[in-house]
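*Asks:* Before I ask anything, here is the structure I am working with.
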Amino acid sequence: MTTTENHKTFCPMPGINAGMLSLQDLERITELVRKYDIPMVKVTSAQRFFFHGLEPEKHKELVQELGLPAKPPHARNRVHYVQACPGKNWCKFGSRPTEEMAKAIGALELAGPLPYKVKVGISGCRMCCCESWMRDIGLIAEKKGWRLIFGGNAAGKPRIGDLVAEELSDDQAVELVKKTLNYYLTTAKYKTRSARFMERVGIEELQRNVLA
Ligand code: SF4
């Protein structure tokens, strides 16, 4: 890879689930980097892979080859992204596996469009390597079950999320995430992040509506 290119183009590598790569994914990324002489491949904090710095014509070809729309639609009835730590399957501290949970949350179909981006952080234990308290939805695994956090944010006006419930089974956790997001999308104003929404609504009101 060269470091002299300075085009500000970028595009994501599609199909990578919570940063977990198969041999085929790695080979495909290598093949693309060679073919397009991609100046920079970046692993983002959201555990996605982005190709940066291609000159515009090559960038257009790469976008076509990857089957990406020229202007990606904002799929607002789904979460924006899910980041997950290695979890119990791969980390000695993990209480529960995280991969299946990441897939289940990423695949959730909601009742309508979300007010704004929803980022998800899933951690396999209380050490919280995926910053679950600072994501719109946070899941933290414990021996007794999942803790669900809602309304965290790590941007310009950071907020620690609120604990919605704990000791949830896998199915209960997925169901409660869905209920919480459906409540958020039917109650919050357009373009209100979950952190600002929770400052207005408060945890007791949210719990009254989603834990019944
Ligand atoms: S959050 Fe816990 S299980 Fe996940 S990577 Fe960190 S230490 Fe391991």
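Chain labels A, B, ... are given in the sequence in which chains occur in the structure tokens; within each chain residues are numbered consecutively from 1, and ligands are likewise numbered from 1 in the order shown.
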Find the spatial neighbours of range 161-163 of chain A, counting only C-alpha atoms, within a cut-off of 12 Å - ignore same-chain residues fewer than 3 positions away - and output them as a count of residues only.

*Replies:* 39

*Asks:* Among the residues of range 94-141 of chain A, find those DSSP assigns to strand (DSSP E or B) from the backbone and print them as an MDAnalysis selection string.

*Replies:* chainID A and resid 119:123 137:141

*Asks:* Go ahead and write the residues just picked, C-alpha atoms, as an mmCIF file, in the first residue's frame.

*Replies:*
data_model
loop_
_atom_site.group_PDB
_atom_site.id
_atom_site.type_symbol
_atom_site.label_atom_id
_atom_site.label_comp_id
_atom_site.auth_asym_id
_atom_site.auth_seq_id
_atom_site.Cartn_x
_atom_site.Cartn_y
_atom_site.Cartn_z
ATOM 1 C CA LYS A 119 -25.210 1.821 17.534
ATOM 2 C CA VAL A 120 -24.894 -1.402 19.504
ATOM 3 C CA GLY A 121 -22.037 -2.644 21.689
ATOM 4 C CA ILE A 122 -22.049 -6.245 22.931
ATOM 5 C CA SER A 123 -19.551 -7.268 25.610
ATOM 6 C CA ILE A 137 -27.946 -0.230 22.957
ATOM 7 C CA GLY A 138 -25.472 -2.042 25.186
ATOM 8 C CA LEU A 139 -25.520 -5.702 26.117
ATOM 9 C CA ILE A 140 -23.205 -7.059 28.788
ATOM 10 C CA ALA A 141 -22.988 -10.778 29.514
#

*Asks:* Measuring between only C-alpha atoms, which one of A:Ala173, A:Leu181, A:Val210, A:Cys11 shows the shortest distance to Lys60 in chain A?

*Replies:*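 Of all the options, A:Cys11 lies closest to Lys60 in chain A.
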
*Asks:* Can you tell me which residues come within 10 Å of ligand 1 when counting only C-alpha atoms and all ligand atoms, ideally as a PyMOL selection string?

*Replies:* chain A and resi 84-98+122-132+140-142

*Asks:* Include N, CA and C atoms and write out the residues we just selected as a PDB file, in the first residue's frame.

*Replies:*
ATOM      1  N   ALA A  84     -19.062  -6.226  18.603  1.00  0.00           N
ATOM      2  CA  ALA A  84     -19.099  -7.272  19.638  1.00  0.00           C
ATOM      3  C   ALA A  84     -17.677  -7.723  19.944  1.00  0.00           C
ATOM      4  N   CYS A  85     -17.418  -8.002  21.205  1.00  0.00           N
ATOM      5  CA  CYS A  85     -16.094  -8.504  21.589  1.00  0.00           C
ATOM      6  C   CYS A  85     -16.039 -10.012  21.292  1.00  0.00           C
ATOM      7  N   PRO A  86     -14.891 -10.667  21.475  1.00  0.00           N
ATOM      8  CA  PRO A  86     -14.800 -12.106  21.156  1.00  0.00           C
ATOM      9  C   PRO A  86     -15.723 -12.985  22.002  1.00  0.00           C
ATOM     10  N   GLY A  87     -16.070 -12.533  23.212  1.00  0.00           N
ATOM     11  CA  GLY A  87     -17.021 -13.290  24.034  1.00  0.00           C
ATOM     12  C   GLY A  87     -16.479 -14.622  24.539  1.00  0.00           C
ATOM     13  N   LYS A  88     -17.379 -15.390  25.144  1.00  0.00           N
ATOM     14  CA  LYS A  88     -16.980 -16.634  25.827  1.00  0.00           C
ATOM     15  C   LYS A  88     -16.273 -17.639  24.903  1.00  0.00           C
ATOM     16  N   ASN A  89     -16.649 -17.661  23.646  1.00  0.00           N
ATOM     17  CA  ASN A  89     -16.049 -18.649  22.742  1.00  0.00           C
ATOM     18  C   ASN A  89     -14.555 -18.444  22.539  1.00  0.00           C
ATOM     19  N   TRP A  90     -14.082 -17.175  22.722  1.00  0.00           N
ATOM     20  CA  TRP A  90     -12.699 -16.879  22.375  1.00  0.00           C
ATOM     21  C   TRP A  90     -11.936 -16.157  23.470  1.00  0.00           C
ATOM     22  N   CYS A  91     -12.619 -15.709  24.504  1.00  0.00           N
ATOM     23  CA  CYS A  91     -11.924 -14.935  25.550  1.00  0.00           C
ATOM     24  C   CYS A  91     -12.136 -15.634  26.896  1.00  0.00           C
ATOM     25  N   LYS A  92     -11.066 -15.790  27.687  1.00  0.00           N
ATOM     26  CA  LYS A  92     -11.177 -16.538  28.943  1.00  0.00           C
ATOM     27  C   LYS A  92     -12.026 -15.815  29.989  1.00  0.00           C
ATOM     28  N   PHE A  93     -12.275 -14.516  29.812  1.00  0.00           N
ATOM     29  CA  PHE A  93     -13.092 -13.783  30.783  1.00  0.00           C
ATOM     30  C   PHE A  93     -14.583 -13.810  30.439  1.00  0.00           C
ATOM     31  N   GLY A  94     -14.903 -14.240  29.254  1.00  0.00           N
ATOM     32  CA  GLY A  94     -16.284 -14.139  28.773  1.00  0.00           C
ATOM     33  C   GLY A  94     -17.256 -15.038  29.516  1.00  0.00           C
ATOM     34  N   SER A  95     -18.461 -14.508  29.798  1.00  0.00           N
ATOM     35  CA  SER A  95     -19.506 -15.298  30.440  1.00  0.00           C
ATOM     36  C   SER A  95     -20.436 -15.939  29.426  1.00  0.00           C
ATOM     37  N   ARG A  96     -20.582 -15.323  28.277  1.00  0.00           N
ATOM     38  CA  ARG A  96     -21.495 -15.825  27.238  1.00  0.00           C
ATOM     39  C   ARG A  96     -20.898 -15.561  25.867  1.00  0.00           C
ATOM     40  N   PRO A  97     -21.289 -16.366  24.880  1.00  0.00           N
ATOM     41  CA  PRO A  97     -20.842 -16.085  23.507  1.00  0.00           C
ATOM     42  C   PRO A  97     -21.519 -14.806  22.993  1.00  0.00           C
ATOM     43  N   THR A  98     -20.855 -14.093  22.149  1.00  0.00           N
ATOM     44  CA  THR A  98     -21.394 -12.821  21.636  1.00  0.00           C
ATOM     45  C   THR A  98     -21.760 -12.887  20.147  1.00  0.00           C
ATOM     46  N   ILE A 122     -21.783  -5.010  22.181  1.00  0.00           N
ATOM     47  CA  ILE A 122     -22.049  -6.245  22.931  1.00  0.00           C
ATOM     48  C   ILE A 122     -20.744  -6.731  23.560  1.00  0.00           C
ATOM     49  N   SER A 123     -20.759  -6.856  24.887  1.00  0.00           N
ATOM     50  CA  SER A 123     -19.551  -7.268  25.610  1.00  0.00           C
ATOM     51  C   SER A 123     -19.798  -8.589  26.336  1.00  0.00           C
ATOM     52  N   GLY A 124     -18.801  -9.447  26.310  1.00  0.00           N
ATOM     53  CA  GLY A 124     -18.943 -10.780  26.891  1.00  0.00           C
ATOM     54  C   GLY A 124     -18.759 -10.833  28.389  1.00  0.00           C
ATOM     55  N   CYS A 125     -18.375  -9.710  29.024  1.00  0.00           N
ATOM     56  CA  CYS A 125     -18.271  -9.666  30.489  1.00  0.00           C
ATOM     57  C   CYS A 125     -18.256  -8.214  30.934  1.00  0.00           C
ATOM     58  N   ARG A 126     -18.176  -7.996  32.249  1.00  0.00           N
ATOM     59  CA  ARG A 126     -18.261  -6.632  32.798  1.00  0.00           C
ATOM     60  C   ARG A 126     -17.077  -5.751  32.438  1.00  0.00           C
ATOM     61  N   MET A 127     -16.028  -6.316  31.857  1.00  0.00           N
ATOM     62  CA  MET A 127     -14.910  -5.456  31.461  1.00  0.00           C
ATOM     63  C   MET A 127     -15.276  -4.576  30.275  1.00  0.00           C
ATOM     64  N   CYS A 128     -16.351  -4.943  29.602  1.00  0.00           N
ATOM     65  CA  CYS A 128     -16.985  -4.049  28.627  1.00  0.00           C
ATOM     66  C   CYS A 128     -16.062  -3.560  27.513  1.00  0.00           C
ATOM     67  N   CYS A 129     -15.356  -4.472  26.883  1.00  0.00           N
ATOM     68  CA  CYS A 129     -14.436  -4.065  25.810  1.00  0.00           C
ATOM     69  C   CYS A 129     -15.170  -3.407  24.644  1.00  0.00           C
ATOM     70  N   CYS A 130     -16.464  -3.602  24.521  1.00  0.00           N
ATOM     71  CA  CYS A 130     -17.204  -2.958  23.426  1.00  0.00           C
ATOM     72  C   CYS A 130     -18.012  -1.759  23.901  1.00  0.00           C
ATOM     73  N   GLU A 131     -17.540  -1.140  24.968  1.00  0.00           N
ATOM     74  CA  GLU A 131     -18.084   0.141  25.424  1.00  0.00           C
ATOM     75  C   GLU A 131     -19.614   0.151  25.492  1.00  0.00           C
ATOM     76  N   SER A 132     -20.161  -0.905  26.058  1.00  0.00           N
ATOM     77  CA  SER A 132     -21.622  -1.075  26.028  1.00  0.00           C
ATOM     78  C   SER A 132     -22.381   0.045  26.754  1.00  0.00           C
ATOM     79  N   ILE A 140     -24.372  -6.582  28.037  1.00  0.00           N
ATOM     80  CA  ILE A 140     -23.205  -7.059  28.788  1.00  0.00           C
ATOM     81  C   ILE A 140     -23.544  -8.430  29.352  1.00  0.00           C
ATOM     82  N   ALA A 141     -22.708  -9.411  29.050  1.00  0.00           N
ATOM     83  CA  ALA A 141     -22.988 -10.778  29.514  1.00  0.00           C
ATOM     84  C   ALA A 141     -22.494 -10.972  30.939  1.00  0.00           C
ATOM     85  N   GLU A 142     -23.317 -11.650  31.719  1.00  0.00           N
ATOM     86  CA  GLU A 142     -22.913 -12.070  33.052  1.00  0.00           C
ATOM     87  C   GLU A 142     -23.340 -13.527  33.204  1.00  0.00           C
TER      88      GLU A 142
END

*Asks:* Out of range 12-66 of chain A, which residues get alpha helix (DSSP H) from DSSP, as a ChimeraX atom specification?

*Replies:* /A:23-36,56-65

*Asks:* So which one's closest to Asn182 in chain A, A:Lys144, A:Arg78, A:Arg200, A:Arg159? Using only C-alpha atoms, please.

*Replies:*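 Among the listed residues, A:Arg78 lies closest to Asn182 in chain A.
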
*Asks:* Can you pull out every residue within 9 Å of Asn6 in chain A, counting only C-alpha atoms, but drop anything in the same chain fewer than 5 positions away, and send it as a PyMOL selection string?

*Replies:* chain A and resi 39+53-55

*Asks:* Calculated over only C-alpha atoms, which of the candidates A:Gln64, A:Thr9, A:Gln47, A:Thr192 has the smallest distance to Leu21 in chain A?

*Replies:*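 Of A:Gln64, A:Thr9, A:Gln47, A:Thr192, the one nearest Leu21 in chain A is A:Gln47, counting only C-alpha atoms.
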
*Asks:* Nearest to Lys117 in chain A: which of A:Lys143, A:Lys58, A:Asn17, A:Val82 is it, counting only C-alpha atoms?

*Replies:*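 Of A:Lys143, A:Lys58, A:Asn17, A:Val82, the one nearest Lys117 in chain A is A:Val82, counting only C-alpha atoms.
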
*Asks:* To one decimal place, how far is CA of Arg48 in chain A from CA of Gly19 in chain A in Å?

*Replies:*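 Computing the Euclidean distance for CA of Arg48 in chain A and CA of Gly19 in chain A yields 5.9 Å.
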
*Asks:* Can you list, as a PyMOL selection string, every protein, DNA or RNA residue that comes within 12 Å of Asp171 in chain A when you count only C-alpha atoms, leaving out same-chain residues fewer than 4 positions away?

*Replies:* chain A and resi 100-101+104-105+145-146+167+175-178

*Asks:* Next, write the just-selected residues to a file, as an mmCIF file, in the first residue's frame, keeping N, CA and C atoms as the atom set.

*Replies:*
data_model
loop_
_atom_site.group_PDB
_atom_site.id
_atom_site.type_symbol
_atom_site.label_atom_id
_atom_site.label_comp_id
_atom_site.auth_asym_id
_atom_site.auth_seq_id
_atom_site.Cartn_x
_atom_site.Cartn_y
_atom_site.Cartn_z
ATOM 1 N N GLU A 100 -23.538 -14.998 18.181
ATOM 2 C CA GLU A 100 -24.940 -15.228 17.817
ATOM 3 C C GLU A 100 -25.796 -14.031 18.208
ATOM 4 N N MET A 101 -25.480 -13.437 19.361
ATOM 5 C CA MET A 101 -26.234 -12.262 19.799
ATOM 6 C C MET A 101 -26.037 -11.108 18.813
ATOM 7 N N ALA A 104 -28.157 -11.787 15.807
ATOM 8 C CA ALA A 104 -29.595 -11.626 16.080
ATOM 9 C C ALA A 104 -29.986 -10.154 16.163
ATOM 10 N N ILE A 105 -29.161 -9.334 16.815
ATOM 11 C CA ILE A 105 -29.494 -7.904 16.951
ATOM 12 C C ILE A 105 -29.340 -7.208 15.590
ATOM 13 N N GLY A 145 -27.011 -13.952 33.147
ATOM 14 C CA GLY A 145 -27.740 -13.493 31.960
ATOM 15 C C GLY A 145 -27.224 -12.157 31.454
ATOM 16 N N TRP A 146 -27.978 -11.574 30.517
ATOM 17 C CA TRP A 146 -27.541 -10.311 29.891
ATOM 18 C C TRP A 146 -28.067 -9.113 30.661
ATOM 19 N N GLU A 167 -30.139 -10.091 34.044
ATOM 20 C CA GLU A 167 -30.432 -11.529 34.146
ATOM 21 C C GLU A 167 -31.378 -11.988 33.040
ATOM 22 N N GLU A 175 -35.577 -9.956 22.549
ATOM 23 C CA GLU A 175 -36.948 -9.455 22.567
ATOM 24 C C GLU A 175 -37.027 -8.080 23.235
ATOM 25 N N LEU A 176 -36.264 -7.905 24.323
ATOM 26 C CA LEU A 176 -36.317 -6.613 25.023
ATOM 27 C C LEU A 176 -35.622 -5.508 24.217
ATOM 28 N N VAL A 177 -34.571 -5.854 23.505
ATOM 29 C CA VAL A 177 -33.936 -4.861 22.616
ATOM 30 C C VAL A 177 -34.959 -4.402 21.576
ATOM 31 N N LYS A 178 -35.680 -5.352 21.015
ATOM 32 C CA LYS A 178 -36.688 -5.016 20.007
ATOM 33 C C LYS A 178 -37.782 -4.119 20.603
#
